[in-house]
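To start, the structure itself, in structure tokens.
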Amino acid sequence: MKKLLLAVLVIAGAGIAVGEKPESSASVVADVQKPEVGYMAPHFTLTGLDNQTYKVEGKRNKPLLLNFWASWCGPCRMEAPDLQKIYEKYGGQIDMYGVNVTSSDNPEAAQAFVQTYKLTFPIPMDVSGSVSNRYLVQAFPTTYLIDAQGIIRKKIIGMIDASTLELELRQLQNEKK
């Protein structure tokens, strides 16, 4: 019994010691690129449908909504009008990239999708699938909310309605203040 009590005290003491430095462990996590909440968003550079270059590489001027989609995806079709409305309303306050996972789609179908839904936000093309692989995208749509420090604050798998997304964006904007 004494050995068990001693082991519990040693383990408890170790836990307290680890918990004494939350700032240092938090900054280490923030420096690690990993597609999970609390980690630095994995860096990438992609060319968009408009032939512009789009990057995620750490700190930025505004938070970023990063949405992975494919033209054949039913939930992506349902979500597209809401994403456009969000962009029209918050485009000056957030960056928004609608990454077409072209490796699971094709450029012509992506272009037709963008025209059908009159999307005006940037559409980077993940032709090789390397970015969606880095972000471990396994379902469409998948959305990441990334703060201005480059840290992932939310990962949403599947469709999200406009009102819920708006609440999430407001929360993300409030975190930077």
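Scheme for the structure tokens: letters A, B, ... for chains in order shown; per-chain residue numbers from 1; ligand numbers from 1 in order shown.
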Within 6 Å of range 71-84 of chain A using only C-alpha atoms, minus same-chain residues under 5 positions, as an mmCIF file with C-alpha atoms, in the first residue's frame:
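And here's result-v2.cif as it stands now:
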```cif
data_model
loop_
_atom_site.group_PDB
_atom_site.id
_atom_site.type_symbol
_atom_site.label_atom_id
_atom_site.label_comp_id
_atom_site.auth_asym_id
_atom_site.auth_seq_id
_atom_site.Cartn_x
_atom_site.Cartn_y
_atom_site.Cartn_z
ATOM 1 C CA ALA A 110 -13.907 23.146 -61.120
ATOM 2 C CA PHE A 113 -18.577 24.930 -60.570
ATOM 3 C CA LEU A 119 -17.747 32.344 -56.631
ATOM 4 C CA PRO A 141 -15.979 19.707 -47.836
ATOM 5 C CA MET A 159 -20.941 21.028 -44.726
ATOM 6 C CA ALA A 162 -23.969 30.060 -43.061
#
```
**Message:** Considering only strand (DSSP E) as DSSP defines it on the backbone, what residues of chain A qualify? List them as a VMD selection string.
**Reply:** chain A and resid 44 to 47 53 to 56 64 to 69 95 to 100 142 to 146 152 to 157
Taking C-alpha atoms for each residue, export the selection above as a PDB file, in the first residue's frame.
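Below is the file result-v8.pdb, written as the result:
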```pdb
ATOM      1  CA  PHE A  44       1.782  25.700 -48.934  1.00  0.00           C
ATOM      2  CA  THR A  45       1.786  27.682 -52.149  1.00  0.00           C
ATOM      3  CA  LEU A  46      -0.768  27.010 -54.896  1.00  0.00           C
ATOM      4  CA  THR A  47      -1.769  28.682 -58.147  1.00  0.00           C
ATOM      5  CA  THR A  53      -0.269  32.606 -56.272  1.00  0.00           C
ATOM      6  CA  TYR A  54      -1.878  31.832 -52.915  1.00  0.00           C
ATOM      7  CA  LYS A  55       0.120  31.018 -49.808  1.00  0.00           C
ATOM      8  CA  VAL A  56      -0.321  29.839 -46.271  1.00  0.00           C
ATOM      9  CA  LEU A  64      -8.132  32.636 -43.075  1.00  0.00           C
ATOM     10  CA  LEU A  65     -11.054  30.405 -43.938  1.00  0.00           C
ATOM     11  CA  LEU A  66      -9.561  27.474 -45.861  1.00  0.00           C
ATOM     12  CA  ASN A  67     -12.160  25.263 -47.574  1.00  0.00           C
ATOM     13  CA  PHE A  68     -11.288  22.064 -49.466  1.00  0.00           C
ATOM     14  CA  TRP A  69     -13.866  20.985 -52.071  1.00  0.00           C
ATOM     15  CA  ASP A  95      -9.040  35.833 -46.249  1.00  0.00           C
ATOM     16  CA  MET A  96     -10.877  32.956 -47.858  1.00  0.00           C
ATOM     17  CA  TYR A  97      -9.432  30.243 -50.074  1.00  0.00           C
ATOM     18  CA  GLY A  98     -11.627  27.610 -51.693  1.00  0.00           C
ATOM     19  CA  VAL A  99      -9.024  24.961 -52.501  1.00  0.00           C
ATOM     20  CA  ASN A 100     -10.195  22.712 -55.315  1.00  0.00           C
ATOM     21  CA  THR A 142     -13.400  20.169 -45.091  1.00  0.00           C
ATOM     22  CA  THR A 143     -12.874  23.654 -43.688  1.00  0.00           C
ATOM     23  CA  TYR A 144     -10.115  25.032 -41.484  1.00  0.00           C
ATOM     24  CA  LEU A 145     -10.334  28.337 -39.629  1.00  0.00           C
ATOM     25  CA  ILE A 146      -6.851  29.759 -39.134  1.00  0.00           C
ATOM     26  CA  ILE A 152      -5.598  26.395 -36.696  1.00  0.00           C
ATOM     27  CA  ARG A 153      -8.523  27.270 -34.445  1.00  0.00           C
ATOM     28  CA  LYS A 154     -11.231  25.037 -35.918  1.00  0.00           C
ATOM     29  CA  LYS A 155     -11.516  22.062 -38.262  1.00  0.00           C
ATOM     30  CA  ILE A 156     -14.929  21.369 -39.744  1.00  0.00           C
ATOM     31  CA  ILE A 157     -15.489  18.117 -41.630  1.00  0.00           C
TER      32      ILE A 157
END
```
**Glu175 in chain A environment, 12 Å, only C-alpha atoms, sequence neighbours closer than 4 positions dropped, as a PyMOL selection string** = chain A and resi 62-63+145-149+151+153+168-171
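Within range 50-121 of chain A, residues classed as alpha helix (DSSP H) by DSSP on backbone coordinates are Gly74, Pro75, Cys76, Arg77, Met78, Glu79, Ala80, Pro81, Asp82, Leu83, Gln84, Lys85, Ile86, Tyr87, Glu88, Lys89, Tyr90, Pro107, Glu108, Ala109, Ala110, Gln111, Ala112, Phe113, Val114, Gln115 and Thr116 of chain A.
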**Prompt:** Which is closer to Gly158 in chain A than all the others in A:Ala70, A:Ala139, A:Ile86, A:Arg60, using only C-alpha atoms?
**Reply:** A:Ala139
**Prompt:** So how many Å separate CA of Ala112 in chain A and CA of Lys85 in chain A, to one decimal?
**Reply:**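 If I compute the distance from CA of Ala112 in chain A to CA of Lys85 in chain A, I get 18.8 Å.
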